[in-house]
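This is start-v7.cif (mmCIF, C-alpha atoms).
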data_run
loop_
_atom_site.label_atom_id
_atom_site.label_comp_id
_atom_site.auth_asym_id
_atom_site.auth_seq_id
_atom_site.Cartn_x
_atom_site.Cartn_y
_atom_site.Cartn_z
CA MET E 1 29.32 40.13 -128.52
CA SER E 2 29.05 38.99 -124.90
CA ASP E 3 26.26 36.67 -123.75
CA ILE E 4 24.75 39.48 -121.65
CA ALA E 5 24.75 41.91 -124.58
CA GLU E 6 23.23 39.25 -126.84
CA ARG E 7 20.47 38.49 -124.29
CA GLU E 8 19.71 42.23 -123.94
CA ARG E 9 19.57 42.66 -127.72
CA THR E 10 17.26 39.69 -127.96
CA LEU E 11 15.11 41.05 -125.12
CA ALA E 12 14.94 44.43 -126.85
CA SER E 13 13.86 42.79 -130.09
CA ARG E 14 11.27 40.57 -128.41
CA LEU E 15 9.89 43.45 -126.37
CA ARG E 16 9.66 45.72 -129.42
CA LEU E 17 7.81 43.08 -131.41
CA ALA E 18 5.46 42.25 -128.55
CA VAL E 19 4.58 45.91 -128.03
CA VAL E 20 4.02 46.43 -131.77
CA ARG E 21 1.78 43.36 -132.00
CA LEU E 22 -0.24 44.31 -128.94
CA ASN E 23 -0.63 47.86 -130.24
CA ARG E 24 -1.91 46.53 -133.59
CA ARG E 25 -4.43 44.30 -131.84
CA LEU E 26 -5.62 47.19 -129.69
CA ARG E 27 -5.92 49.50 -132.69
CA ALA E 28 -7.97 46.83 -134.46
CA GLN E 29 -10.57 47.20 -131.69
CA SER E 30 -11.34 50.76 -132.85
CA THR E 31 -15.00 51.70 -132.99
CA ASP E 32 -14.59 54.06 -135.96
CA SER E 33 -12.42 53.36 -138.99
CA LYS E 34 -12.85 56.94 -140.25
CA ILE E 35 -10.61 58.41 -137.58
CA THR E 36 -6.85 58.15 -138.17
CA LEU E 37 -4.29 57.10 -135.59
CA SER E 38 -2.88 60.64 -135.56
CA GLN E 39 -6.32 62.04 -134.87
CA LEU E 40 -7.01 59.49 -132.16
CA SER E 41 -3.64 60.21 -130.57
CA ALA E 42 -4.35 63.95 -130.54
CA LEU E 43 -7.78 63.33 -128.98
CA SER E 44 -6.18 61.12 -126.32
CA CYS E 45 -3.59 63.78 -125.55
CA LEU E 46 -6.27 66.45 -125.14
CA HIS E 47 -8.30 64.05 -122.99
CA LYS E 48 -5.35 63.36 -120.71
CA THR E 49 -3.73 66.80 -120.63
CA GLY E 50 -6.61 69.20 -121.22
CA ALA E 51 -7.02 72.16 -123.55
CA MET E 52 -3.89 73.64 -125.14
CA THR E 53 -2.64 75.58 -128.14
CA PRO E 54 -2.09 73.78 -131.45
CA GLY E 55 1.66 74.34 -131.02
CA GLU E 56 1.65 72.73 -127.58
CA LEU E 57 -0.35 69.79 -128.92
CA ALA E 58 2.07 69.37 -131.84
CA ALA E 59 5.01 69.39 -129.43
CA LYS E 60 3.38 66.83 -127.11
CA GLU E 61 2.57 64.59 -130.07
CA GLY E 62 6.04 65.01 -131.60
CA VAL E 63 4.80 66.31 -134.95
CA GLN E 64 5.33 69.48 -136.92
CA PRO E 65 2.76 72.28 -136.43
CA PRO E 66 1.47 72.11 -140.05
CA SER E 67 0.70 68.40 -139.56
CA MET E 68 -1.13 69.13 -136.31
CA THR E 69 -3.08 71.92 -138.04
CA ARG E 70 -4.45 69.34 -140.50
CA VAL E 71 -5.27 66.90 -137.68
CA ILE E 72 -7.08 69.59 -135.70
CA ALA E 73 -9.02 70.73 -138.78
CA ALA E 74 -10.25 67.18 -139.42
CA LEU E 75 -11.21 66.73 -135.77
CA GLU E 76 -12.97 70.07 -135.78
CA ASP E 77 -14.90 69.11 -138.94
CA ALA E 78 -15.96 65.90 -137.19
CA GLY E 79 -17.16 67.89 -134.17
CA LEU E 80 -14.66 66.24 -131.82
CA VAL E 81 -12.64 69.35 -130.93
CA ALA E 82 -13.36 73.08 -130.85
CA ARG E 83 -11.13 76.12 -130.94
CA ARG E 84 -11.61 79.13 -128.72
CA ALA E 85 -9.73 82.37 -128.34
CA HIS E 86 -6.57 82.31 -126.24
CA PRO E 87 -7.20 84.34 -123.06
CA THR E 88 -3.97 86.37 -123.27
CA ASP E 89 -2.64 86.03 -126.84
CA GLY E 90 -4.96 87.10 -129.64
CA ARG E 91 -2.74 85.41 -132.23
CA GLN E 92 -3.32 81.99 -130.68
CA ALA E 93 -6.23 79.65 -130.18
CA ILE E 94 -6.94 77.01 -127.59
CA VAL E 95 -8.03 73.56 -128.77
CA GLU E 96 -10.26 71.50 -126.51
CA LEU E 97 -12.38 68.38 -126.69
CA THR E 98 -16.07 68.75 -127.30
CA GLU E 99 -18.57 66.53 -125.50
CA ALA E 100 -18.59 64.35 -128.63
CA GLY E 101 -14.78 64.16 -128.51
CA ARG E 102 -14.83 63.12 -124.85
CA ALA E 103 -17.46 60.49 -125.58
CA ARG E 104 -15.42 59.21 -128.54
CA ILE E 105 -12.27 58.76 -126.43
CA ASP E 106 -14.22 57.18 -123.59
CA GLU E 107 -15.73 54.67 -126.04
CA GLU E 108 -12.33 53.88 -127.59
CA VAL E 109 -10.80 53.26 -124.18
CA SER E 110 -13.77 51.15 -123.10
CA VAL E 111 -13.67 48.94 -126.21
CA ARG E 112 -9.92 48.38 -125.99
CA GLU E 113 -9.96 47.72 -122.26
CA ARG E 114 -12.81 45.22 -122.66
CA TRP E 115 -10.69 43.38 -125.25
CA LEU E 116 -7.72 43.40 -122.87
CA ASP E 117 -9.91 42.21 -119.99
CA GLN E 118 -10.99 39.25 -122.13
CA GLN E 119 -7.36 38.39 -122.81
CA LEU E 120 -6.34 38.74 -119.15
CA VAL E 121 -9.06 36.37 -117.97
CA ASN E 122 -7.24 33.55 -119.74
CA LEU E 123 -4.00 34.15 -117.84
CA SER E 124 -2.94 32.76 -114.50
CA GLU E 125 -2.76 34.96 -111.40
CA GLU E 126 1.05 34.83 -111.62
CA GLU E 127 1.01 35.93 -115.29
CA ARG E 128 -1.26 38.85 -114.41
CA ARG E 129 1.08 39.83 -111.55
CA VAL E 130 4.08 39.76 -113.93
CA LEU E 131 2.17 41.87 -116.48
CA SER E 132 1.28 44.37 -113.77
CA GLN E 133 4.96 44.78 -112.95
CA ALA E 134 5.87 44.93 -116.65
CA ALA E 135 3.26 47.66 -117.23
CA GLU E 136 4.89 49.79 -114.51
CA ILE E 137 8.35 49.24 -116.00
CA ILE E 138 7.22 49.95 -119.58
CA ASP E 139 5.44 53.10 -118.44
CA ARG E 140 8.62 54.25 -116.68
CA MET E 141 10.68 53.53 -119.81
CA ALA E 142 8.23 55.43 -122.00
CA SER E 143 8.32 58.45 -119.68
CA ARG E 144 12.08 59.00 -119.98
#

Kindly present the structure from the file in structure tokens form.
Amino acid sequence: MSDIAERERTLASRLRLAVVRLNRRLRAQSTDSKITLSQLSALSCLHKTGAMTPGELAAKEGVQPPSMTRVIAALEDAGLVARRAHPTDGRQAIVELTEAGRARIDEEVSVRERWLDQQLVNLSEEERRVLSQAAEIIDRMASR
């Protein structure tokens, strides 16, 4: 293996581990241990994208429709999402956040961002600049 390929493999491994560790730390900041990661992810998707059908939500989340049906049912039971009739297709429903669901996501984001803010305070201006650039690059990679 060439030196360049070895460095890239090592970078990929280091980046993967760093992202996994940061994600774990952020998840640990959760305000409610009763909500699962799948449920929180679905809430976040609805918060970002807006109301959609269960099938559209399953596709965006990369899960099978029966799995999303269970997630939606649990969120509905918790009062975090509501279903309403589809305006043009009587066989479908539209899933949307309730006020409680919006508040829940806002609180999750706030708690996690406060934790990140506390970590960023301890970094130098140059380190924060590098992280800002890295965030743009990672976001671009994740969007492909």

Counting only C-alpha atoms, what are the residues of region 37-65 of chain E within 12 Å of region 24-30 of chain E, and for each of them which pair of atoms is the nearest and at what distance in Å, to one decimal? Sort the table by chain and rising number, as JSON lines.
{"residue": "E:Leu37", "atom": "CA", "partner": "E:Arg27", "partner_atom": "CA", "distance": 8.3}
{"residue": "E:Ser38", "atom": "CA", "partner": "E:Arg27", "partner_atom": "CA", "distance": 11.9}
{"residue": "E:Leu40", "atom": "CA", "partner": "E:Ser30", "partner_atom": "CA", "distance": 9.8}
{"residue": "E:Ser41", "atom": "CA", "partner": "E:Arg27", "partner_atom": "CA", "distance": 11.2}

Could you name the residues that touch Arg104 (chain E) at 10 Å or less, counting only C-alpha atoms, but leaving out those on the same chain fewer than 2 positions away, as a PyMOL selection string? chain E and resi 31-32+40+43-44+80+97-102+106-110

Keeping only C-alpha atoms, write those residues as a PDB file, in the coordinates of the input.
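See out_30.pdb below for the written result:
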ATOM      1  CA  THR E  31     -15.000  51.700-132.990  1.00  0.00           C
ATOM      2  CA  ASP E  32     -14.590  54.060-135.960  1.00  0.00           C
ATOM      3  CA  LEU E  40      -7.010  59.490-132.160  1.00  0.00           C
ATOM      4  CA  LEU E  43      -7.780  63.330-128.980  1.00  0.00           C
ATOM      5  CA  SER E  44      -6.180  61.120-126.320  1.00  0.00           C
ATOM      6  CA  LEU E  80     -14.660  66.240-131.820  1.00  0.00           C
ATOM      7  CA  LEU E  97     -12.380  68.380-126.690  1.00  0.00           C
ATOM      8  CA  THR E  98     -16.070  68.750-127.300  1.00  0.00           C
ATOM      9  CA  GLU E  99     -18.570  66.530-125.500  1.00  0.00           C
ATOM     10  CA  ALA E 100     -18.590  64.350-128.630  1.00  0.00           C
ATOM     11  CA  GLY E 101     -14.780  64.160-128.510  1.00  0.00           C
ATOM     12  CA  ARG E 102     -14.830  63.120-124.850  1.00  0.00           C
ATOM     13  CA  ASP E 106     -14.220  57.180-123.590  1.00  0.00           C
ATOM     14  CA  GLU E 107     -15.730  54.670-126.040  1.00  0.00           C
ATOM     15  CA  GLU E 108     -12.330  53.880-127.590  1.00  0.00           C
ATOM     16  CA  VAL E 109     -10.800  53.260-124.180  1.00  0.00           C
ATOM     17  CA  SER E 110     -13.770  51.150-123.100  1.00  0.00           C
TER      18      SER E 110
END

Interatomic distance, CA of Thr10 (chain E) to CA of Ala134 (chain E) (Å, one decimal):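 Straight-line distance from CA of Thr10 (chain E) to CA of Ala134 (chain E) works out to 16.9 Å.
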
Hey, what's within 9 Å of Thr53 (chain E) if we count all atoms listed in the file and toss same-chain stuff fewer than 2 positions away? As a PyMOL selection string, please? chain E and resi 51+55-58+83+86+92-96

Those residues with C-alpha atoms, as an mmCIF file, in the coordinates of the input please?
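Contents of part.cif, as written:
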data_model
loop_
_atom_site.group_PDB
_atom_site.id
_atom_site.type_symbol
_atom_site.label_atom_id
_atom_site.label_comp_id
_atom_site.auth_asym_id
_atom_site.auth_seq_id
_atom_site.Cartn_x
_atom_site.Cartn_y
_atom_site.Cartn_z
ATOM 1 C CA ALA E 51 -7.020 72.160 -123.550
ATOM 2 C CA GLY E 55 1.660 74.340 -131.020
ATOM 3 C CA GLU E 56 1.650 72.730 -127.580
ATOM 4 C CA LEU E 57 -0.350 69.790 -128.920
ATOM 5 C CA ALA E 58 2.070 69.370 -131.840
ATOM 6 C CA ARG E 83 -11.130 76.120 -130.940
ATOM 7 C CA HIS E 86 -6.570 82.310 -126.240
ATOM 8 C CA GLN E 92 -3.320 81.990 -130.680
ATOM 9 C CA ALA E 93 -6.230 79.650 -130.180
ATOM 10 C CA ILE E 94 -6.940 77.010 -127.590
ATOM 11 C CA VAL E 95 -8.030 73.560 -128.770
ATOM 12 C CA GLU E 96 -10.260 71.500 -126.510
#

Between E:Arg144, E:Glu61, E:Pro54, E:Leu116, which is the closest to Leu131 (chain E) once you count only C-alpha atoms? E:Leu116

Residue nearest Lys48 (chain E) - candidates E:Ala135, E:Leu22, E:Ala73, E:Ile105, atoms counted: all atoms listed in the file: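 Nearest candidate to Lys48 (chain E) out of E:Ala135, E:Leu22, E:Ala73, E:Ile105: E:Ile105.
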
Could you jot down the CA of Thr36 (chain E) to CA of Ala12 (chain E) separation for me, Å, one decimal place? 28.1 Å

Among the residues E:Val130, E:Ala74, E:Val81, E:Leu123, the one that comes closest to Cys45 (chain E) [using only C-alpha atoms]: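 That would be E:Val81, the residue with the smallest distance to Cys45 (chain E).
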